[in-house]
Every structure is written in C-alpha cells, then in structure tokens.
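One file, target-v3.txt, carrying compact mmCIF, C-alpha atoms:
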```txt
# COMPACT_ATOMS: atom_id res chain seq x y z
CA MET R 1 -19.83 -41.91 53.61
CA ARG R 2 -16.74 -39.80 54.22
CA LYS R 3 -15.44 -40.59 50.68
CA ILE R 4 -18.72 -39.47 49.09
CA LEU R 5 -18.69 -36.25 51.12
CA ALA R 6 -15.08 -35.57 50.16
CA LEU R 7 -15.84 -36.04 46.46
CA CYS R 8 -18.83 -33.71 46.69
CA THR R 9 -16.66 -31.05 48.36
CA VAL R 10 -14.07 -31.28 45.58
CA PHE R 11 -16.82 -31.04 42.95
CA ILE R 12 -18.26 -27.90 44.59
CA MET R 13 -14.80 -26.29 44.79
CA CYS R 14 -14.25 -27.02 41.09
CA LEU R 15 -17.48 -25.21 40.24
CA ILE R 16 -16.44 -22.22 42.35
CA VAL R 17 -13.07 -21.75 40.66
CA GLY R 18 -14.50 -22.27 37.20
CA GLY R 19 -13.92 -25.96 36.53
CA CYS R 20 -11.20 -28.48 37.28
CA GLY R 21 -8.35 -28.88 34.84
CA LYS R 22 -9.17 -25.69 32.89
CA LYS R 23 -6.54 -23.00 32.34
CA PRO R 24 -7.41 -19.43 33.33
CA GLN R 25 -8.78 -17.50 30.35
CA SER R 26 -6.16 -15.32 28.65
CA PRO R 27 -6.81 -11.58 28.47
CA VAL R 28 -8.02 -10.62 25.00
CA LEU R 29 -6.18 -7.85 23.15
CA ARG R 30 -7.74 -6.60 19.93
CA VAL R 31 -5.27 -5.44 17.26
CA ALA R 32 -6.04 -3.75 13.94
CA MET R 33 -3.39 -4.67 11.36
CA PRO R 34 -3.02 -3.69 7.68
CA TYR R 35 -3.79 -6.47 5.23
CA SER R 36 -0.76 -7.92 3.46
CA ASP R 37 -0.83 -10.52 0.70
CA LYS R 38 2.56 -11.63 2.08
CA VAL R 39 0.98 -12.77 5.38
CA GLN R 40 -1.14 -15.87 4.84
CA ASP R 41 -3.20 -16.16 8.04
CA PRO R 42 -2.65 -14.00 11.14
CA ASP R 43 -4.62 -16.45 13.30
CA THR R 44 -2.11 -19.25 12.66
CA ASN R 45 0.93 -17.03 12.09
CA TYR R 46 4.06 -18.31 13.84
CA TYR R 47 5.03 -14.90 15.19
CA ILE R 48 1.55 -14.07 16.49
CA ASN R 49 1.35 -17.45 18.21
CA TRP R 50 4.85 -16.93 19.66
CA LEU R 51 3.77 -13.55 21.06
CA GLU R 52 0.68 -15.11 22.60
CA ASP R 53 2.78 -17.77 24.32
CA LYS R 54 5.33 -15.19 25.47
CA THR R 55 2.81 -12.70 26.90
CA GLY R 56 -0.10 -14.95 27.89
CA LEU R 57 -2.43 -12.77 25.81
CA ASP R 58 -5.11 -13.81 23.35
CA ILE R 59 -4.38 -11.58 20.36
CA GLU R 60 -7.36 -11.00 18.08
CA ILE R 61 -6.41 -9.56 14.69
CA SER R 62 -8.71 -7.40 12.56
CA LEU R 63 -7.36 -6.67 9.07
CA ILE R 64 -7.37 -3.15 7.60
CA LYS R 65 -7.94 -3.38 3.85
CA GLN R 66 -7.24 0.23 2.90
CA LYS R 67 -4.24 2.55 2.49
CA GLY R 68 -5.79 5.82 3.66
CA VAL R 69 -4.36 6.03 7.17
CA THR R 70 -6.00 9.27 8.31
CA GLY R 71 -9.38 8.22 6.93
CA TYR R 72 -9.20 4.93 8.78
CA LEU R 73 -8.01 6.50 12.04
CA ASP R 74 -10.65 9.25 11.94
CA THR R 75 -13.35 6.63 11.42
CA LEU R 76 -11.90 4.44 14.17
CA PHE R 77 -11.62 7.27 16.69
CA SER R 78 -15.18 8.44 16.06
CA SER R 79 -16.68 4.93 16.23
CA ASP R 80 -17.26 2.39 18.97
CA LEU R 81 -15.10 -0.27 17.34
CA ASP R 82 -13.47 -2.43 19.99
CA VAL R 83 -9.78 -1.97 19.13
CA ASP R 84 -6.90 -1.59 21.61
CA VAL R 85 -3.88 -1.34 19.30
CA VAL R 86 -3.25 -0.33 15.67
CA PHE R 87 -0.25 -1.71 13.77
CA PHE R 88 1.37 0.16 10.85
CA GLY R 89 3.44 -1.16 7.96
CA GLU R 90 3.73 -1.77 4.19
CA ASP R 91 1.39 0.76 2.47
CA PHE R 92 -0.39 1.65 5.73
CA THR R 93 2.04 4.13 7.31
CA ILE R 94 1.76 7.37 9.24
CA ASP R 95 4.30 10.20 9.22
CA GLU R 96 5.44 12.04 12.32
CA GLU R 97 3.55 15.24 11.49
CA THR R 98 0.24 13.42 11.02
CA LEU R 99 0.75 11.41 14.20
CA LYS R 100 1.49 14.64 16.10
CA SER R 101 -1.78 16.15 14.89
CA TYR R 102 -3.55 13.43 16.88
CA THR R 103 -1.32 13.28 19.96
CA ASP R 104 -1.31 17.08 20.40
CA ARG R 105 -5.05 17.20 20.90
CA GLU R 106 -6.26 18.06 24.39
CA ASP R 107 -8.29 14.86 24.43
CA SER R 108 -5.90 12.75 22.35
CA PRO R 109 -7.37 9.53 20.94
CA ILE R 110 -3.85 8.04 21.08
CA TYR R 111 -2.46 6.94 24.42
CA THR R 112 1.02 8.32 25.07
CA GLU R 113 3.46 8.24 27.93
CA LYS R 114 7.03 9.51 28.27
CA ASP R 115 9.51 7.36 26.33
CA MET R 116 6.70 5.18 24.99
CA ASP R 117 7.60 5.02 21.30
CA TYR R 118 6.75 1.83 19.47
CA LEU R 119 8.78 2.26 16.29
CA ASN R 120 9.94 -0.01 13.51
CA TYR R 121 13.74 -0.19 13.21
CA GLY R 122 13.75 -3.38 11.20
CA SER R 123 13.43 -2.54 7.52
CA GLU R 124 16.66 -0.89 6.39
CA ALA R 125 20.06 -0.28 7.91
CA GLY R 126 20.67 3.00 6.08
CA GLY R 127 23.16 3.48 3.26
CA VAL R 128 23.14 4.83 -0.29
CA ALA R 129 20.05 6.93 -0.88
CA GLN R 130 20.00 6.86 -4.70
CA VAL R 131 21.26 4.27 -7.15
CA LEU R 132 21.11 4.34 -10.95
CA TRP R 133 19.78 1.04 -12.32
CA ILE R 134 20.41 0.47 -16.04
CA ASN R 135 19.04 -2.00 -18.57
CA TYR R 136 22.06 -4.24 -19.15
CA ARG R 137 20.39 -6.06 -22.04
CA TRP R 138 20.15 -2.75 -23.89
CA LEU R 139 23.86 -2.15 -23.32
CA GLU R 140 24.64 -5.59 -24.72
CA ASN R 141 22.27 -5.22 -27.69
CA LEU R 142 23.94 -1.95 -28.70
CA GLY R 143 27.49 -3.03 -27.88
CA LEU R 144 27.87 -0.34 -25.20
CA SER R 145 29.99 -0.46 -22.06
CA MET R 146 28.84 0.39 -18.57
CA PRO R 147 29.07 4.21 -18.27
CA GLU R 148 31.81 5.46 -15.97
CA THR R 149 31.74 9.23 -16.58
CA VAL R 150 29.06 11.83 -17.19
CA LYS R 151 30.01 11.90 -20.89
CA ASP R 152 29.66 8.12 -21.07
CA LEU R 153 26.22 8.33 -19.48
CA GLN R 154 25.02 11.01 -21.87
CA LYS R 155 26.23 8.96 -24.83
CA VAL R 156 24.47 5.83 -23.53
CA LEU R 157 21.19 7.69 -23.04
CA GLU R 158 21.44 9.17 -26.55
CA GLU R 159 22.07 5.71 -28.00
CA PHE R 160 19.09 4.36 -26.08
CA GLU R 161 16.97 7.12 -27.63
CA THR R 162 18.13 7.06 -31.24
CA ARG R 163 18.64 3.33 -31.82
CA ASP R 164 16.45 0.29 -31.15
CA PRO R 165 17.82 -1.36 -28.00
CA ASN R 166 14.72 -3.48 -27.35
CA SER R 167 14.83 -4.76 -30.96
CA ASN R 168 11.10 -4.42 -31.67
CA GLY R 169 11.39 -2.09 -34.67
CA ILE R 170 9.33 0.59 -32.90
CA LYS R 171 10.53 3.90 -31.52
CA ASP R 172 9.06 3.30 -28.07
CA GLU R 173 12.14 3.37 -25.83
CA ILE R 174 12.40 5.66 -22.79
CA PRO R 175 16.11 6.12 -22.02
CA LEU R 176 15.63 7.21 -18.40
CA ALA R 177 12.37 7.25 -16.43
CA GLY R 178 11.52 8.70 -13.04
CA THR R 179 8.91 9.90 -10.59
CA LYS R 180 8.68 12.79 -8.18
CA ASP R 181 6.43 10.74 -5.89
CA ILE R 182 9.58 9.38 -4.23
CA PRO R 183 12.54 11.81 -4.14
CA THR R 184 15.10 9.01 -4.53
CA CYS R 185 13.36 7.94 -7.75
CA ASP R 186 13.69 11.39 -9.34
CA PRO R 187 16.80 11.61 -11.60
CA THR R 188 16.77 15.42 -11.85
CA GLY R 189 19.08 16.24 -8.95
CA TYR R 190 21.34 13.28 -9.70
CA LEU R 191 22.00 14.47 -13.26
CA MET R 192 22.48 18.08 -12.21
CA ASP R 193 25.08 17.11 -9.62
CA LEU R 194 27.07 15.28 -12.28
CA TYR R 195 27.47 18.46 -14.30
CA THR R 196 28.25 21.01 -11.61
CA SER R 197 28.02 21.82 -7.93
CA ASP R 198 27.43 25.50 -8.75
CA GLU R 199 23.74 26.37 -8.54
CA LYS R 200 23.83 28.91 -11.44
CA GLU R 201 25.60 26.42 -13.64
CA LYS R 202 22.99 23.81 -12.69
CA LEU R 203 20.20 26.07 -13.94
CA LYS R 204 22.03 26.58 -17.25
CA HIS R 205 22.53 22.85 -17.74
CA GLU R 206 18.97 22.17 -16.64
CA LYS R 207 17.62 24.29 -19.50
CA SER R 208 19.80 22.62 -22.10
CA MET R 209 19.20 19.10 -20.80
CA TYR R 210 15.51 19.19 -19.96
CA ASP R 211 14.37 21.03 -23.08
CA ASP R 212 15.69 17.97 -24.89
CA GLU R 213 13.07 15.35 -25.73
CA LEU R 214 15.54 12.72 -24.54
CA LYS R 215 15.07 13.73 -20.91
CA GLY R 216 11.80 15.65 -21.15
CA ASP R 217 9.57 16.17 -18.16
CA PRO R 218 7.01 13.48 -19.08
CA ASN R 219 9.62 10.78 -18.54
CA PHE R 220 10.40 12.09 -15.05
CA ASP R 221 6.85 13.07 -14.08
CA MET R 222 5.20 9.65 -13.83
CA THR R 223 3.50 8.41 -10.71
CA ILE R 224 5.36 5.65 -8.89
CA HIS R 225 2.65 3.24 -10.07
CA GLU R 226 3.10 4.29 -13.70
CA LEU R 227 6.87 3.97 -13.39
CA SER R 228 6.63 0.49 -11.87
CA GLU R 229 4.13 -0.71 -14.45
CA LEU R 230 6.33 0.57 -17.28
CA VAL R 231 9.56 -0.93 -15.96
CA ASN R 232 7.87 -4.26 -15.16
CA SER R 233 6.27 -4.51 -18.59
CA GLN R 234 7.38 -7.39 -20.80
CA ALA R 235 7.60 -4.81 -23.62
CA ASP R 236 11.03 -3.80 -22.23
CA MET R 237 10.67 -0.04 -22.79
CA VAL R 238 12.84 1.56 -20.08
CA GLY R 239 16.61 2.00 -20.25
CA GLY R 240 17.18 3.12 -16.67
CA PHE R 241 15.65 4.43 -13.48
CA MET R 242 16.75 5.76 -10.07
CA ALA R 243 15.88 4.17 -6.71
CA THR R 244 17.35 3.36 -3.33
CA SER R 245 16.33 -0.28 -3.69
CA ILE R 246 15.65 -2.10 -6.92
CA ALA R 247 12.48 -3.36 -5.23
CA ASP R 248 11.17 0.22 -5.00
CA VAL R 249 10.35 -0.06 -8.71
CA ILE R 250 10.60 -3.70 -9.83
CA TYR R 251 8.12 -6.18 -8.39
CA LYS R 252 9.79 -8.91 -6.36
CA GLU R 253 7.64 -11.51 -8.10
CA ASN R 254 9.17 -10.50 -11.44
CA PRO R 255 12.69 -12.04 -11.48
CA GLU R 256 12.84 -12.01 -15.30
CA VAL R 257 12.57 -8.21 -15.41
CA MET R 258 14.82 -7.86 -12.36
CA ALA R 259 17.52 -9.74 -14.27
CA ARG R 260 17.53 -6.99 -16.95
CA TYR R 261 18.77 -4.27 -14.63
CA VAL R 262 22.10 -3.82 -12.87
CA HIS R 263 23.36 -0.97 -10.74
CA VAL R 264 25.69 1.61 -12.25
CA PRO R 265 28.73 2.32 -10.04
CA PRO R 266 29.21 5.98 -9.04
CA ILE R 267 29.58 8.14 -12.16
CA ALA R 268 32.55 10.55 -12.37
CA ASP R 269 31.59 14.18 -12.93
CA LYS R 270 33.40 16.50 -15.35
CA ASP R 271 36.22 16.94 -12.81
CA GLY R 272 36.61 13.20 -12.23
CA ASN R 273 34.99 13.21 -8.77
CA LYS R 274 32.59 10.47 -7.76
CA TYR R 275 29.82 11.21 -5.30
CA ALA R 276 27.06 9.31 -3.56
CA VAL R 277 24.27 10.44 -1.26
CA PHE R 278 24.13 8.42 1.95
CA THR R 279 21.30 8.39 4.46
CA GLU R 280 20.66 7.09 7.94
CA SER R 281 17.71 4.76 8.41
CA GLU R 282 14.77 6.62 9.96
CA PRO R 283 12.48 4.43 12.09
CA LYS R 284 8.77 4.54 11.32
CA THR R 285 5.79 4.34 13.65
CA GLY R 286 5.09 0.67 14.27
CA ALA R 287 2.01 0.83 16.50
CA ILE R 288 -0.21 3.03 18.65
CA ILE R 289 -2.39 2.31 21.68
CA LEU R 290 -5.85 3.86 21.77
CA SER R 291 -6.66 6.13 24.72
CA ARG R 292 -10.06 4.51 25.18
CA SER R 293 -8.62 1.01 25.49
CA ASP R 294 -9.38 -0.76 28.75
CA HIS R 295 -6.33 -2.98 28.21
CA LYS R 296 -3.46 -0.49 28.18
CA LYS R 297 -1.34 -2.62 30.51
CA GLU R 298 -1.75 -5.64 28.21
CA ALA R 299 -1.13 -3.48 25.13
CA LYS R 300 2.13 -2.17 26.59
CA LEU R 301 3.16 -5.73 27.46
CA LEU R 302 2.62 -6.83 23.84
CA LEU R 303 4.42 -3.89 22.27
CA ASP R 304 7.30 -3.94 24.75
CA THR R 305 7.74 -7.64 23.97
CA MET R 306 7.76 -6.93 20.22
CA MET R 307 10.58 -4.39 20.73
CA THR R 308 12.89 -6.98 22.31
CA GLU R 309 15.75 -8.42 20.28
CA GLU R 310 14.34 -11.96 20.46
CA ALA R 311 10.97 -10.92 19.07
CA SER R 312 12.46 -8.52 16.51
CA LEU R 313 14.63 -11.24 14.97
CA ILE R 314 11.56 -13.44 14.52
CA ALA R 315 9.67 -10.47 13.06
CA ARG R 316 12.48 -9.90 10.55
CA TYR R 317 13.72 -13.40 9.71
CA GLY R 318 11.15 -15.95 10.91
CA GLU R 319 11.61 -19.05 13.03
CA GLN R 320 15.08 -19.58 14.46
CA GLY R 321 16.60 -22.92 13.54
CA VAL R 322 14.21 -23.29 10.59
CA ASP R 323 14.34 -20.04 8.61
CA TRP R 324 17.56 -18.63 10.04
CA ASP R 325 20.18 -19.08 12.73
CA PHE R 326 23.08 -17.20 14.26
CA SER R 327 26.34 -17.49 12.34
CA ASP R 328 29.35 -19.14 13.94
CA GLY R 329 31.53 -16.45 12.38
CA SER R 330 32.72 -18.51 9.43
CA ASP R 331 30.17 -17.07 6.97
CA VAL R 332 30.38 -13.89 4.89
CA SER R 333 27.46 -11.48 4.75
CA ILE R 334 25.97 -9.93 1.61
CA TYR R 335 27.87 -6.75 2.54
CA GLY R 336 31.22 -8.55 2.63
CA SER R 337 31.56 -8.49 6.42
CA VAL R 338 31.54 -11.41 8.86
CA ALA R 339 27.98 -12.74 8.91
CA THR R 340 25.82 -12.64 12.01
CA ILE R 341 22.70 -14.26 10.54
CA VAL R 342 22.65 -17.36 8.32
CA THR R 343 19.58 -17.53 6.09
CA LYS R 344 18.12 -21.03 5.74
CA ASN R 345 14.75 -20.23 4.23
CA TYR R 346 14.18 -17.01 2.28
CA ILE R 347 10.87 -15.59 3.52
CA ARG R 348 11.29 -11.84 3.10
CA ASP R 349 8.64 -10.19 0.90
CA VAL R 350 7.16 -13.53 -0.17
CA SER R 351 3.90 -15.18 0.84
CA GLN R 352 4.57 -16.92 4.16
CA ASN R 353 3.11 -17.43 7.64
CA LYS R 354 6.13 -16.99 9.89
CA HIS R 355 6.13 -13.22 10.52
CA LEU R 356 4.18 -10.06 9.63
CA ASN R 357 6.43 -8.95 6.75
CA GLY R 358 7.68 -5.83 8.51
CA ILE R 359 4.34 -4.77 9.98
CA GLY R 360 4.33 -3.61 13.59
CA PRO R 361 7.08 -2.37 15.93
CA MET R 362 10.50 -4.04 16.07
CA LYS R 363 14.08 -3.14 16.86
CA VAL R 364 16.59 -5.26 14.95
CA PRO R 365 20.20 -4.34 15.85
CA GLU R 366 22.16 -3.06 12.83
CA GLN R 367 24.73 -5.87 13.06
CA TYR R 368 21.95 -8.30 12.15
CA LEU R 369 20.48 -6.14 9.37
CA ARG R 370 23.89 -5.89 7.70
CA GLY R 371 25.12 -9.34 8.69
CA VAL R 372 22.86 -11.59 6.63
CA THR R 373 24.30 -14.29 4.39
CA TRP R 374 23.20 -14.57 0.78
CA THR R 375 20.40 -17.03 0.07
CA GLY R 376 21.90 -18.09 -3.27
CA ILE R 377 18.88 -16.67 -5.10
CA ASN R 378 19.95 -14.16 -7.77
CA SER R 379 16.62 -12.34 -7.53
CA ASP R 380 17.02 -11.80 -3.78
CA THR R 381 16.48 -8.03 -3.67
CA GLU R 382 18.44 -7.68 -0.43
CA TYR R 383 21.47 -9.26 -2.14
CA ILE R 384 21.07 -7.11 -5.26
CA ASP R 385 20.84 -3.93 -3.17
CA ALA R 386 23.82 -4.94 -1.03
CA ARG R 387 26.04 -5.30 -4.09
CA ALA R 388 25.06 -1.79 -5.15
CA GLN R 389 25.70 -0.45 -1.66
CA MET R 390 29.19 -1.98 -1.61
CA THR R 391 30.03 -0.37 -4.97
CA TYR R 392 29.04 3.06 -3.67
CA ARG R 393 30.63 2.88 -0.23
CA ASP R 394 33.97 4.37 -1.32
CA ALA R 395 32.38 7.36 -3.08
CA LYS R 396 32.58 10.81 -1.47
```
Encoding of this model in structure tokens:
Amino acid sequence: MRKILALCTVFIMCLIVGGCGKKPQSPVLRVAMPYSDKVQDPDTNYYINWLEDKTGLDIEISLIKQKGVTGYLDTLFSSDLDVDVVFFGEDFTIDEETLKSYTDREDSPIYTEKDMDYLNYGSEAGGVAQVLWINYRWLENLGLSMPETVKDLQKVLEEFETRDPNSNGIKDEIPLAGTKDIPTCDPTGYLMDLYTSDEKEKLKHEKSMYDDELKGDPNFDMTIHELSELVNSQADMVGGFMATSIADVIYKENPEVMARYVHVPPIADKDGNKYAVFTESEPKTGAIILSRSDHKKEAKLLLDTMMTEEASLIARYGEQGVDWDFSDGSDVSIYGSVATIVTKNYIRDVSQNKHLNGIGPMKVPEQYLRGVTWTGINSDTEYIDARAQMTYRDAK
C-alpha cells in the first residue's frame, strides 16, 4: 500500500512540474534575417544551432526577401509582427545616418542603451581602397606589357580601343569601364591623380581626356549592375575596371572570367611617384533590437554572444576542426605574414550551411582576418585581393 501511495505522489509531482524527464522549454527569440542564397537553411545552420546551445535560446528565423531597408523597417515598426531582433548584411544594410533617424525619435522603435552597439567587424581588414584590374588576355593578344607608368597606361587603353583585343572582328571593346554607384569603382579620380596633384591642372587634363571617346562618360556612368553584367559577359568586352575587391564586380561563381583579369601594380605618375589610397575598415550595423520586444534580455544575450571571439570565428570561417583551425605558426598567410588561421574547407561566399555568410554582428580580430592561409583555389577572391594588396603596400 505504501509503494502504491509513493508512486501516486511521484506521478502527481511530475504533473505539477510539467512532466518527468522533460527539459524546461527554451525562451523563444524571433529574428528577422535577410535572405541569402549562400545560406542553405537557417533552421539547420551550424552557427544558429551553436548559438542556441550556447545561449539556451530557441532562435526562430524569419527571412527578409527584399533590399529596401527603410521600407522594410517602416512596415515592421508600424505592424504587429512578432520580431525581437533584425539582422543586417549582404544587400540588406543600413547606414549610420538612416539608423540615427530612427534612434533619435522621442519614441524610438529601436532599443538602445549606452555602449550597446552590435556591429559587424568581420568582413574586411582595411587596406587599399582602389585597385586597377586589367584584362590580361587582351594584353597577351596585342603583345602588350603590363603598364608601369601613366604613359604606358594611356598607350594600352588606346590599343584596346583601336585594335581588336577580343578577336571577334567587331569594334565592341570598352577599354576602361566604371560606375559612380561605388566611389572605388569610378576611375575618374584615379586617372586625374596620375596626371597631376594640382587641381587646375586636373581640370585641364579632364577636358582633354574625357572629351575623348576612348574614356567618354558613358563608359564611366554605368550602374554597378550594368558594369558587372558587362564584365561578366562571355563576349569579353571590357579591358579594365576599378574596384577595391575583384569580387565587387566579377561574380564569384564565374572563375573563367575572373581568370581574365589581374591587378595592375601602382602606376607611376609623370614625376615617377607611385601612390595608393588606403582605407581603414569601417564596421557596419549588424543587428538592432526592437523597443517593443518583450525579450530584450534574451536579445542582448544572443547579440553579446555573437560579438565574442569564439562566435565571430565561427561566423567568419565555419566549424573549427572541420572548416578551419588555428595555425601552429608554421604556415604563411595570403598576405605573406605568419598565418593564424588554416583554411581546411573554403566556405566563404559559396552555398553552405555552416555560418550566415557575414550577416549579423561579429567582431573578428584583425590578426585572424589578415592571417588566413591560401586555400589553393586560384579563384579564391580573398587570395586574389591579398596579392593586389601586397603589391600596393609599399606605395605612398
């Protein structure tokens, strides 16, 4: 009789606490994240699952399939959609001025506290702001050498214009193309600086150079989409373009076109000086917490966790021991320094399910951004860019 009573007591206690053997339900945190064709499935994503294990949260992802940030945020703030956190990244980004227009409101829809900045420091490590990429096949087809001086460059561009470097018998070549959508993809200032540092002289050269059909405004006035489509075309119509990264213009899934272009080392101006414009990496907004969220404590826990070094390395490189590992100091990085990260599986800007492809907040220390070993893949854009950076590092 006592045994039966004891079992009944245990059964009743189990009902009171919510069932024997069951784990307490994890707090649910709802996150809106931009859609990326590089992230296969957020629900089974290694990084998301790692964050859930680390924080004890149940992270529910809703995908944003649009690029208009302000339109989305305005709709979100005026609706009753149950969202606690919004991630930014890829084409869904917000600049500081736009963000301030929301946070400065008396009744701000964005939750802010002192020193609560969830930024993304994990994309670039800073470096050369503008590189000239030239069609090496055209140089070979015309028997031309890599330009070293401003006179060499002008000769090469003239040869690209007047001859048939793509060998199709049609006068369809564009010697140098650009866009004003992205300042580092606009060749205007680069060419002017090669001729003179004097502003009056620049205006004089600008008239003589840009009245010329060779470098006419239409070739520099494309949209970034038009420029990318033209450069990536199999028709092979572009002799050169400007960009910080080759991947700013050439699609990463297009290694055949990427193989056409190589970086041009710093060009000497008329006085023999070589210059390069360097820039520091500016972090971007990685995430915001909504003021109306009832889970601000959980949201801060998630975002604070994402800003740790451990999480940031996963967010940048994937699973440790599988996709990457720390170097023992015997490896050389793509920048020629002692490596800090050894790449085992190249999963940057490719379809994968290990991280969020740069979406969301992270803080990767610079020694890891610049300490990556080469994957051995010639179309690895990080490797291609690093070689260009190393060529420019000794310029003034």
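Comparing the minimum interatomic distances between Thr44 in chain R and each of R:Ser293, R:Ser379, R:Gln389, R:Gln352, counting all atoms listed in the file, we find that R:Gln352 sits nearest.
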With all atoms of range 183-192 of chain R from the file as input, state the centre and edge lengths in Å to one decimal of the axis-aligned box that has 3 Å extra on each side, as lines of an AutoDock Vina configuration file.
```
center_x = 17.5
center_y = 13.0
center_z = -8.7
size_x = 15.9
size_y = 16.1
size_z = 15.1
```
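Each of R:Asp269, R:Asp331, R:Glu256, R:Glu158 was compared to Tyr190 in chain R using all atoms listed in the file, and R:Asp269 turns out to be the nearest.
Distances from R:Lys363, R:Thr75, R:Gly358, R:Leu313 to Thr340 in chain R were compared using only C-alpha atoms, and the smallest one belongs to R:Leu313.
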Discussion item. Please return as a ChimeraX atom specification every residue within 10 Å of (20.0, -20.8, 6.6), taking into account all atoms listed in the file and the file's own coordinates.
Written reply: /R:320-327,341-346,372-375
### Message
Neighbouring residues of Asn357 in chain R were defined as those with any atom within 10 Å, considering only C-alpha atoms; residues of the same chain fewer than 6 positions away were excluded. Please report them as a PyMOL selection string.
### Response
chain R and resi 36-39+89-90+123+315-318+347-351
Show me the residues close to (-1.4, 8.2, 3.3) - anything with an atom within 7 Å, counting all atoms listed in the file - and format the list as a PyMOL selection string.
chain R and resi 67-70+93-94
Of R:Glu226, R:Asp304, R:Asp53, R:Asp385, the one nearest to Val128 in chain R when counting all atoms listed in the file is R:Asp385
Report as a Markdown table: every residue of range 216-330 of chain R with an atom at most 6 Å from range 81-88 of chain R, its closest pair of atoms, and their distance in Å to one decimal, counting all atoms listed in the file, with rows sorted by chain and ascending residue number.
```
| residue | atom | partner | partner_atom | distance |
| --- | --- | --- | --- | --- |
| R:Gly286 | CA | R:Phe88 | CA | 5.1 |
| R:Ala287 | CA | R:Phe87 | CA | 4.4 |
| R:Ile288 | CA | R:Val86 | CA | 5.4 |
| R:Ile289 | CA | R:Val85 | CA | 4.6 |
| R:Leu290 | CA | R:Asp84 | CA | 5.6 |
| R:Ser293 | CA | R:Asp84 | CA | 5.0 |
```
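Excluding range 263-268 of chain R itself and same-chain residues fewer than 4 positions from it, the residues having an atom within 6 Å of it are R:Leu132, R:Trp133, R:Glu148, R:Thr149, R:Gly272, R:Asn273, R:Lys274, R:Ala388, R:Thr391, counting all atoms listed in the file.
Taking CA of Val257 in chain R and CA of Pro218 in chain R as the two end points, the separation is 22.7 Å.
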note - CA of Glu309 in chain R and CA of Gly371 in chain R are separated by 14.9 Å
